[in-house]
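Source file: my_file.cif. Holds: mmCIF, C-alpha atoms.
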data_entry
#
loop_
_atom_site.group_PDB
_atom_site.id
_atom_site.type_symbol
_atom_site.label_atom_id
_atom_site.label_comp_id
_atom_site.auth_asym_id
_atom_site.auth_seq_id
_atom_site.Cartn_x
_atom_site.Cartn_y
_atom_site.Cartn_z
ATOM 1 C CA MET A 1 -36.616 31.831 -2.818
ATOM 2 C CA GLU A 2 -37.427 35.304 -4.032
ATOM 3 C CA ARG A 3 -40.961 36.410 -4.716
ATOM 4 C CA PHE A 4 -41.881 37.500 -8.201
ATOM 5 C CA ASP A 5 -41.884 41.270 -8.516
ATOM 6 C CA SER A 6 -43.755 42.412 -11.592
ATOM 7 C CA ASN A 7 -42.291 45.911 -11.255
ATOM 8 C CA ASN A 8 -38.831 44.509 -11.944
ATOM 9 C CA PHE A 9 -39.950 42.234 -14.746
ATOM 10 C CA ARG A 10 -38.769 43.321 -18.140
ATOM 11 C CA PRO A 11 -41.406 45.480 -19.827
ATOM 12 C CA ASP A 12 -40.566 44.079 -23.262
ATOM 13 C CA LEU A 13 -41.328 40.548 -22.049
ATOM 14 C CA ILE A 14 -44.619 41.717 -20.585
ATOM 15 C CA SER A 15 -45.396 43.353 -23.912
ATOM 16 C CA GLU A 16 -44.696 40.102 -25.755
ATOM 17 C CA PHE A 17 -46.958 38.178 -23.395
ATOM 18 C CA GLN A 18 -49.694 40.742 -23.968
ATOM 19 C CA LYS A 19 -49.326 40.358 -27.743
ATOM 20 C CA LEU A 20 -49.596 36.600 -27.393
ATOM 21 C CA ASP A 21 -52.670 37.021 -25.189
ATOM 22 C CA HIS A 22 -54.283 39.198 -27.864
ATOM 23 C CA ILE A 23 -53.496 36.625 -30.559
ATOM 24 C CA LEU A 24 -54.892 33.818 -28.394
ATOM 25 C CA GLU A 25 -58.036 35.804 -27.650
ATOM 26 C CA ALA A 26 -58.570 36.573 -31.342
ATOM 27 C CA PHE A 27 -57.999 32.912 -32.176
ATOM 28 C CA GLN A 28 -60.451 31.766 -29.500
ATOM 29 C CA ASN A 29 -63.088 34.210 -30.721
ATOM 30 C CA GLN A 30 -62.784 33.220 -34.366
ATOM 31 C CA PHE A 31 -62.500 29.538 -33.506
ATOM 32 C CA ASN A 32 -65.641 29.653 -31.388
ATOM 33 C CA VAL A 33 -67.599 31.523 -34.045
ATOM 34 C CA GLU A 34 -66.522 29.185 -36.848
ATOM 35 C CA VAL A 35 -66.784 25.891 -34.973
ATOM 36 C CA LEU A 36 -69.975 26.769 -33.135
ATOM 37 C CA ASN A 37 -71.596 27.853 -36.416
ATOM 38 C CA VAL A 38 -70.976 24.335 -37.718
ATOM 39 C CA VAL A 39 -72.271 22.859 -34.457
ATOM 40 C CA LYS A 40 -75.402 25.022 -34.593
ATOM 41 C CA GLU A 41 -76.008 24.033 -38.213
ATOM 42 C CA LEU A 42 -75.678 20.340 -37.398
ATOM 43 C CA PHE A 43 -77.432 20.464 -34.007
ATOM 44 C CA PRO A 44 -80.037 23.243 -34.286
ATOM 45 C CA HIS A 45 -81.765 22.141 -31.072
ATOM 46 C CA LEU A 46 -78.575 22.588 -29.022
ATOM 47 C CA VAL A 47 -78.724 25.653 -26.783
ATOM 48 C CA TYR A 48 -75.604 27.756 -26.338
ATOM 49 C CA ASN A 49 -74.787 27.652 -22.642
ATOM 50 C CA GLU A 50 -71.821 27.736 -20.281
ATOM 51 C CA GLU A 51 -71.053 24.046 -20.802
ATOM 52 C CA LEU A 52 -70.908 24.444 -24.583
ATOM 53 C CA GLU A 53 -68.815 27.598 -24.229
ATOM 54 C CA THR A 54 -66.356 25.798 -21.942
ATOM 55 C CA LEU A 55 -66.194 22.813 -24.281
ATOM 56 C CA ALA A 56 -65.507 25.033 -27.295
ATOM 57 C CA MET A 57 -62.951 27.138 -25.417
ATOM 58 C CA THR A 58 -61.105 24.016 -24.273
ATOM 59 C CA TYR A 59 -61.058 22.720 -27.843
ATOM 60 C CA ALA A 60 -59.784 26.086 -29.109
ATOM 61 C CA ASN A 61 -56.992 26.151 -26.528
ATOM 62 C CA GLN A 62 -55.973 22.584 -27.340
ATOM 63 C CA ILE A 63 -55.773 23.372 -31.053
ATOM 64 C CA PHE A 64 -53.895 26.637 -30.510
ATOM 65 C CA ASN A 65 -51.351 25.035 -28.184
ATOM 66 C CA THR A 66 -50.937 22.016 -30.441
ATOM 67 C CA ALA A 67 -50.035 24.194 -33.409
ATOM 68 C CA ASP A 68 -47.251 25.915 -31.459
ATOM 69 C CA SER A 69 -46.063 22.660 -29.955
ATOM 70 C CA ILE A 70 -45.835 20.890 -33.307
ATOM 71 C CA VAL A 71 -43.936 23.771 -34.915
ATOM 72 C CA ASP A 72 -41.474 23.573 -32.029
ATOM 73 C CA LYS A 73 -41.162 19.782 -32.209
ATOM 74 C CA ASP A 74 -40.739 19.860 -35.973
ATOM 75 C CA SER A 75 -37.840 22.282 -35.742
ATOM 76 C CA ASN A 76 -36.161 20.751 -32.676
ATOM 77 C CA TYR A 77 -36.779 16.992 -32.732
ATOM 78 C CA SER A 78 -34.647 14.629 -34.748
ATOM 79 C CA GLN A 79 -36.457 12.950 -37.641
ATOM 80 C CA GLU A 80 -36.367 9.645 -35.763
ATOM 81 C CA ARG A 81 -37.940 11.112 -32.654
ATOM 82 C CA LEU A 82 -40.599 12.866 -34.714
ATOM 83 C CA ALA A 83 -41.370 9.649 -36.608
ATOM 84 C CA ASP A 84 -41.647 7.755 -33.310
ATOM 85 C CA GLU A 85 -44.124 10.278 -31.961
ATOM 86 C CA VAL A 86 -46.166 10.015 -35.159
ATOM 87 C CA GLN A 87 -46.333 6.235 -34.713
ATOM 88 C CA ASN A 88 -47.360 6.611 -31.076
ATOM 89 C CA MET A 89 -50.048 9.136 -31.941
ATOM 90 C CA ASN A 90 -51.314 6.859 -34.722
ATOM 91 C CA ARG A 91 -52.018 4.212 -32.081
ATOM 92 C CA VAL A 92 -53.623 6.684 -29.687
ATOM 93 C CA VAL A 93 -55.905 8.171 -32.333
ATOM 94 C CA ARG A 94 -56.797 4.771 -33.737
ATOM 95 C CA ASN A 95 -57.843 3.578 -30.265
ATOM 96 C CA TYR A 96 -59.963 6.681 -29.638
ATOM 97 C CA SER A 97 -61.432 6.761 -33.134
ATOM 98 C CA GLU A 98 -62.414 3.082 -33.234
ATOM 99 C CA ALA A 99 -64.574 3.557 -30.195
ATOM 100 C CA LYS A 100 -66.173 6.700 -31.634
ATOM 101 C CA THR A 101 -67.459 5.887 -35.108
ATOM 102 C CA ASP A 102 -70.855 7.549 -34.609
ATOM 103 C CA ASN A 103 -71.255 11.015 -36.087
ATOM 104 C CA ARG A 104 -68.109 10.694 -38.222
ATOM 105 C CA GLU A 105 -69.424 13.188 -40.801
ATOM 106 C CA VAL A 106 -70.135 15.739 -38.088
ATOM 107 C CA ALA A 107 -66.711 15.201 -36.518
ATOM 108 C CA ASP A 108 -65.030 15.582 -39.930
ATOM 109 C CA ARG A 109 -66.761 18.892 -40.645
ATOM 110 C CA ILE A 110 -65.829 20.289 -37.248
ATOM 111 C CA HIS A 111 -62.264 18.994 -37.645
ATOM 112 C CA GLN A 112 -61.905 20.688 -41.036
ATOM 113 C CA LYS A 113 -63.179 23.999 -39.673
ATOM 114 C CA ALA A 114 -60.834 23.785 -36.684
ATOM 115 C CA LYS A 115 -57.862 23.186 -38.998
ATOM 116 C CA GLU A 116 -58.831 26.127 -41.217
ATOM 117 C CA VAL A 117 -58.829 28.511 -38.266
ATOM 118 C CA MET A 118 -55.600 27.015 -36.926
ATOM 119 C CA VAL A 119 -53.776 27.544 -40.229
ATOM 120 C CA ASN A 120 -55.116 31.103 -40.533
ATOM 121 C CA PHE A 121 -53.551 32.000 -37.200
ATOM 122 C CA ASN A 122 -50.301 30.074 -37.569
ATOM 123 C CA PRO A 123 -48.791 30.402 -41.047
ATOM 124 C CA ASN A 124 -45.639 28.601 -39.817
ATOM 125 C CA LEU A 125 -47.615 25.376 -40.127
ATOM 126 C CA MET A 126 -47.096 25.558 -43.873
ATOM 127 C CA ASP A 127 -43.366 24.982 -43.306
ATOM 128 C CA LEU A 128 -43.760 21.712 -41.398
ATOM 129 C CA SER A 129 -42.022 18.559 -42.536
ATOM 130 C CA ALA A 130 -44.110 15.599 -43.681
ATOM 131 C CA ASP A 131 -43.909 14.031 -40.213
ATOM 132 C CA GLY A 132 -44.717 17.401 -38.659
ATOM 133 C CA PHE A 133 -47.934 17.546 -40.710
ATOM 134 C CA ARG A 134 -48.780 13.962 -39.772
ATOM 135 C CA LEU A 135 -48.214 14.702 -36.105
ATOM 136 C CA LEU A 136 -50.317 17.856 -36.297
ATOM 137 C CA GLU A 137 -53.134 15.901 -37.928
ATOM 138 C CA LYS A 138 -53.030 13.198 -35.262
ATOM 139 C CA TYR A 139 -53.105 15.624 -32.360
ATOM 140 C CA THR A 140 -55.936 17.646 -33.874
ATOM 141 C CA LEU A 141 -57.882 14.439 -34.545
ATOM 142 C CA MET A 142 -57.440 13.386 -30.934
ATOM 143 C CA TYR A 143 -58.767 16.717 -29.673
ATOM 144 C CA ASN A 144 -61.625 16.474 -32.155
ATOM 145 C CA VAL A 145 -62.623 13.141 -30.623
ATOM 146 C CA PHE A 146 -62.556 14.709 -27.151
ATOM 147 C CA PHE A 147 -64.685 17.624 -28.367
ATOM 148 C CA MET A 148 -67.170 15.298 -30.049
ATOM 149 C CA GLU A 149 -67.514 13.220 -26.883
ATOM 150 C CA GLY A 150 -68.391 16.351 -24.922
ATOM 151 C CA LEU A 151 -70.700 17.602 -27.649
ATOM 152 C CA LEU A 152 -72.595 14.325 -27.783
ATOM 153 C CA VAL A 153 -73.070 14.435 -24.006
ATOM 154 C CA LEU A 154 -74.542 17.929 -24.351
ATOM 155 C CA THR A 155 -76.865 16.904 -27.180
ATOM 156 C CA GLN A 156 -78.141 13.964 -25.127
ATOM 157 C CA LYS A 157 -78.997 16.352 -22.284
ATOM 158 C CA VAL A 158 -81.226 18.276 -24.717
ATOM 159 C CA ASP A 159 -82.995 15.194 -26.102
#

Will you turn the file into structure tokens for me?
Amino acid sequence: MERFDSNNFRPDLISEFQKLDHILEAFQNQFNVEVLNVVKELFPHLVYNEELETLAMTYANQIFNTADSIVDKDSNYSQERLADEVQNMNRVVRNYSEAKTDNREVADRIHQKAKEVMVNFNPNLMDLSADGFRLLEKYTLMYNVFFMEGLLVLTQKVD
């Protein structure tokens, strides 16, 4: 097996990766500012630290990757396959959400802010099919639950 030689790698591909990296970095920065502003408003006693930064960055990456993934699935999956995945995600989100009913208002505000930033950075989301939108909503809700779990752990450390 040959070793990867970056000198022989196509410069235009490297340029495209760099553009994507810049978009991701801009998304992460705006996402963190917007979402953490909501968090700070709702949890003023919470101190910004490495754990909170990691939690927010993970959430940002999940949302960013989900948007791209759903656009791809919506354009490449058959309607039946897309509908099946929506049904599966409905069950997953329902199971996670039922166990996490505390702080629903907080979770909803953070979820709305996350979706706003996501749509600002990925205008292709506006072209999704109905099932594509449903799938996007379910995935973003799932990641919201994960974020809220981590956030609640951090707030309990402060208390």

Determine, counting all atoms listed in the file, which protein, DNA and RNA residues have an atom within 8 Å of an atom of range 51-65 of chain A; residues of the same chain fewer than 5 positions away are not included. Present the result as a list in words.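 Within the cut-off, the hits are Leu24, Phe27, Gln28, Phe31, Asn32, Val35, Leu36, Ala114, Met118, Thr140, Tyr143, Asn144, Phe147, Gly150, Leu151 and Leu154 of chain A.
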
Can I get the selection written as a PDB file, in the frame of the given file, with C-alpha atoms?
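Okay, this is what ended up in selection_32.pdb:
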ATOM      1  CA  LEU A  24     -54.892  33.818 -28.394  1.00  0.00           C
ATOM      2  CA  PHE A  27     -57.999  32.912 -32.176  1.00  0.00           C
ATOM      3  CA  GLN A  28     -60.451  31.766 -29.500  1.00  0.00           C
ATOM      4  CA  PHE A  31     -62.500  29.538 -33.506  1.00  0.00           C
ATOM      5  CA  ASN A  32     -65.641  29.653 -31.388  1.00  0.00           C
ATOM      6  CA  VAL A  35     -66.784  25.891 -34.973  1.00  0.00           C
ATOM      7  CA  LEU A  36     -69.975  26.769 -33.135  1.00  0.00           C
ATOM      8  CA  ALA A 114     -60.834  23.785 -36.684  1.00  0.00           C
ATOM      9  CA  MET A 118     -55.600  27.015 -36.926  1.00  0.00           C
ATOM     10  CA  THR A 140     -55.936  17.646 -33.874  1.00  0.00           C
ATOM     11  CA  TYR A 143     -58.767  16.717 -29.673  1.00  0.00           C
ATOM     12  CA  ASN A 144     -61.625  16.474 -32.155  1.00  0.00           C
ATOM     13  CA  PHE A 147     -64.685  17.624 -28.367  1.00  0.00           C
ATOM     14  CA  GLY A 150     -68.391  16.351 -24.922  1.00  0.00           C
ATOM     15  CA  LEU A 151     -70.700  17.602 -27.649  1.00  0.00           C
ATOM     16  CA  LEU A 154     -74.542  17.929 -24.351  1.00  0.00           C
TER      17      LEU A 154
END

What gap, in Å, lies between CA of Val145 in chain A and CA of Gln112 in chain A?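 So the two atoms, CA of Val145 in chain A and CA of Gln112 in chain A, lie 12.9 Å apart.
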
With only C-alpha atoms counted, which protein, DNA or RNA residues have an atom no more than 10 Å from (-41.1, 19.7, -34.5) in the file frame? Please answer as a list in words.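 Output: Asp68, Ser69, Ile70, Val71, Asp72, Lys73, Asp74, Ser75, Asn76, Tyr77, Ser78, Gln79, Arg81, Leu82, Leu128, Ser129, Asp131, Gly132, Phe133, Leu135 and Leu136 of chain A.
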
Pairwise distance for CA of Asn90 in chain A and CA of Val153 in chain A, rounded to one decimal in Å: 25.4 Å

Atomic separation - CA of Asp108 in chain A relative to CA of Tyr96 in chain A, Å: 14.5 Å

Would you kindly return, as a list in words, each protein, DNA or RNA residue with an atom no farther than 12 Å from any atom of Arg91 in chain A, considering all atoms listed in the file and excluding same-chain residues fewer than 6 positions away?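 Within the cut-off, the hits are Asp84, Glu85, Ser97, Glu98, Leu135, Lys138, Tyr139 and Met142 of chain A.
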
Find the residues with any atom within 12 Å of (-74.5, 21.4, -35.8); use all atoms listed in the file and the coordinates as given in the file, and write the answer as a JSON list (two decimals) with C-alpha atoms, in the frame of the given file.
[["chain", "number", "residue", "atom", "x", "y", "z"],
["A", 34, "GLU", "CA", -66.52, 29.18, -36.85],
["A", 35, "VAL", "CA", -66.78, 25.89, -34.97],
["A", 36, "LEU", "CA", -69.97, 26.77, -33.14],
["A", 37, "ASN", "CA", -71.60, 27.85, -36.42],
["A", 38, "VAL", "CA", -70.98, 24.34, -37.72],
["A", 39, "VAL", "CA", -72.27, 22.86, -34.46],
["A", 40, "LYS", "CA", -75.40, 25.02, -34.59],
["A", 41, "GLU", "CA", -76.01, 24.03, -38.21],
["A", 42, "LEU", "CA", -75.68, 20.34, -37.40],
["A", 43, "PHE", "CA", -77.43, 20.46, -34.01],
["A", 44, "PRO", "CA", -80.04, 23.24, -34.29],
["A", 45, "HIS", "CA", -81.76, 22.14, -31.07],
["A", 46, "LEU", "CA", -78.58, 22.59, -29.02],
["A", 47, "VAL", "CA", -78.72, 25.65, -26.78],
["A", 48, "TYR", "CA", -75.60, 27.76, -26.34],
["A", 103, "ASN", "CA", -71.26, 11.02, -36.09],
["A", 105, "GLU", "CA", -69.42, 13.19, -40.80],
["A", 106, "VAL", "CA", -70.14, 15.74, -38.09],
["A", 107, "ALA", "CA", -66.71, 15.20, -36.52],
["A", 108, "ASP", "CA", -65.03, 15.58, -39.93],
["A", 109, "ARG", "CA", -66.76, 18.89, -40.65],
["A", 110, "ILE", "CA", -65.83, 20.29, -37.25],
["A", 148, "MET", "CA", -67.17, 15.30, -30.05],
["A", 151, "LEU", "CA", -70.70, 17.60, -27.65],
["A", 152, "LEU", "CA", -72.60, 14.32, -27.78],
["A", 154, "LEU", "CA", -74.54, 17.93, -24.35],
["A", 155, "THR", "CA", -76.86, 16.90, -27.18]]

For Glu25 in chain A, which residue out of A:Glu80, A:Pro11, A:Phe121, A:Gln156 is the nearest one, using only C-alpha atoms? A:Phe121

For Glu149 in chain A, the nearest of the candidates A:Asn120, A:Asn29, A:Ser15, A:Arg104, counting only C-alpha atoms: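 The answer is A:Arg104, which sits nearest to Glu149 in chain A.
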
Export range 131-154 of chain A from the structure block above, keeping N, CA, C and O atoms, as a short mmCIF file (atom, residue, chain, number, x, y, z; two decimals), in the first residue's frame.
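Written file, decode02.cif:
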data_model
loop_
_atom_site.label_atom_id
_atom_site.label_comp_id
_atom_site.auth_asym_id
_atom_site.auth_seq_id
_atom_site.Cartn_x
_atom_site.Cartn_y
_atom_site.Cartn_z
N ASP A 131 -40.08 14.81 4.18
CA ASP A 131 -39.40 13.83 5.02
C ASP A 131 -37.97 14.26 5.34
O ASP A 131 -37.46 13.95 6.43
N GLY A 132 -37.33 14.96 4.45
CA GLY A 132 -36.00 15.50 4.73
C GLY A 132 -36.03 16.47 5.90
O GLY A 132 -35.19 16.41 6.80
N PHE A 133 -37.04 17.36 5.91
CA PHE A 133 -37.20 18.29 7.04
C PHE A 133 -37.49 17.53 8.33
O PHE A 133 -36.94 17.85 9.39
N ARG A 134 -38.35 16.53 8.25
CA ARG A 134 -38.67 15.75 9.46
C ARG A 134 -37.42 15.05 10.00
O ARG A 134 -37.18 15.04 11.21
N LEU A 135 -36.64 14.48 9.09
CA LEU A 135 -35.43 13.80 9.50
C LEU A 135 -34.43 14.78 10.12
O LEU A 135 -33.83 14.49 11.15
N LEU A 136 -34.29 15.93 9.50
CA LEU A 136 -33.40 16.96 10.04
C LEU A 136 -33.84 17.36 11.45
O LEU A 136 -33.01 17.46 12.36
N GLU A 137 -35.12 17.55 11.64
CA GLU A 137 -35.64 17.92 12.95
C GLU A 137 -35.35 16.84 13.98
O GLU A 137 -34.95 17.14 15.11
N LYS A 138 -35.53 15.59 13.61
CA LYS A 138 -35.31 14.51 14.57
C LYS A 138 -33.84 14.40 14.97
O LYS A 138 -33.52 14.22 16.14
N TYR A 139 -32.95 14.48 13.99
CA TYR A 139 -31.53 14.42 14.32
C TYR A 139 -31.11 15.60 15.19
O TYR A 139 -30.37 15.43 16.16
N THR A 140 -31.57 16.79 14.86
CA THR A 140 -31.17 17.95 15.66
C THR A 140 -31.77 17.87 17.06
O THR A 140 -31.13 18.31 18.02
N LEU A 141 -32.97 17.32 17.18
CA LEU A 141 -33.54 17.12 18.52
C LEU A 141 -32.72 16.12 19.33
O LEU A 141 -32.50 16.32 20.53
N MET A 142 -32.27 15.06 18.70
CA MET A 142 -31.47 14.08 19.39
C MET A 142 -30.18 14.71 19.91
O MET A 142 -29.80 14.52 21.08
N TYR A 143 -29.51 15.49 19.07
CA TYR A 143 -28.27 16.13 19.51
C TYR A 143 -28.54 17.20 20.57
O TYR A 143 -27.70 17.44 21.43
N ASN A 144 -29.70 17.80 20.53
CA ASN A 144 -30.09 18.76 21.56
C ASN A 144 -30.21 18.05 22.91
O ASN A 144 -29.77 18.57 23.94
N VAL A 145 -30.80 16.87 22.91
CA VAL A 145 -30.93 16.10 24.15
C VAL A 145 -29.54 15.77 24.69
O VAL A 145 -29.28 15.92 25.89
N PHE A 146 -28.63 15.35 23.82
CA PHE A 146 -27.27 15.04 24.26
C PHE A 146 -26.60 16.27 24.86
O PHE A 146 -25.94 16.20 25.89
N PHE A 147 -26.76 17.42 24.18
CA PHE A 147 -26.17 18.67 24.68
C PHE A 147 -26.75 19.03 26.04
O PHE A 147 -26.02 19.39 26.96
N MET A 148 -28.07 18.92 26.17
CA MET A 148 -28.72 19.27 27.43
C MET A 148 -28.26 18.35 28.57
O MET A 148 -28.09 18.81 29.70
N GLU A 149 -28.07 17.08 28.27
CA GLU A 149 -27.57 16.17 29.31
C GLU A 149 -26.21 16.64 29.82
O GLU A 149 -25.96 16.70 31.02
N GLY A 150 -25.33 16.98 28.89
CA GLY A 150 -24.00 17.47 29.27
C GLY A 150 -24.07 18.80 30.00
O GLY A 150 -23.35 19.02 30.98
N LEU A 151 -24.95 19.67 29.54
CA LEU A 151 -25.10 20.98 30.17
C LEU A 151 -25.62 20.84 31.60
O LEU A 151 -25.13 21.52 32.51
N LEU A 152 -26.56 19.96 31.80
CA LEU A 152 -27.11 19.76 33.15
C LEU A 152 -26.06 19.17 34.09
O LEU A 152 -26.02 19.53 35.27
N VAL A 153 -25.20 18.32 33.57
CA VAL A 153 -24.09 17.80 34.40
C VAL A 153 -23.18 18.96 34.82
O VAL A 153 -22.79 19.06 35.99
N LEU A 154 -22.88 19.86 33.88
CA LEU A 154 -22.02 20.99 34.20
C LEU A 154 -22.68 21.93 35.21
O LEU A 154 -22.00 22.46 36.10
#
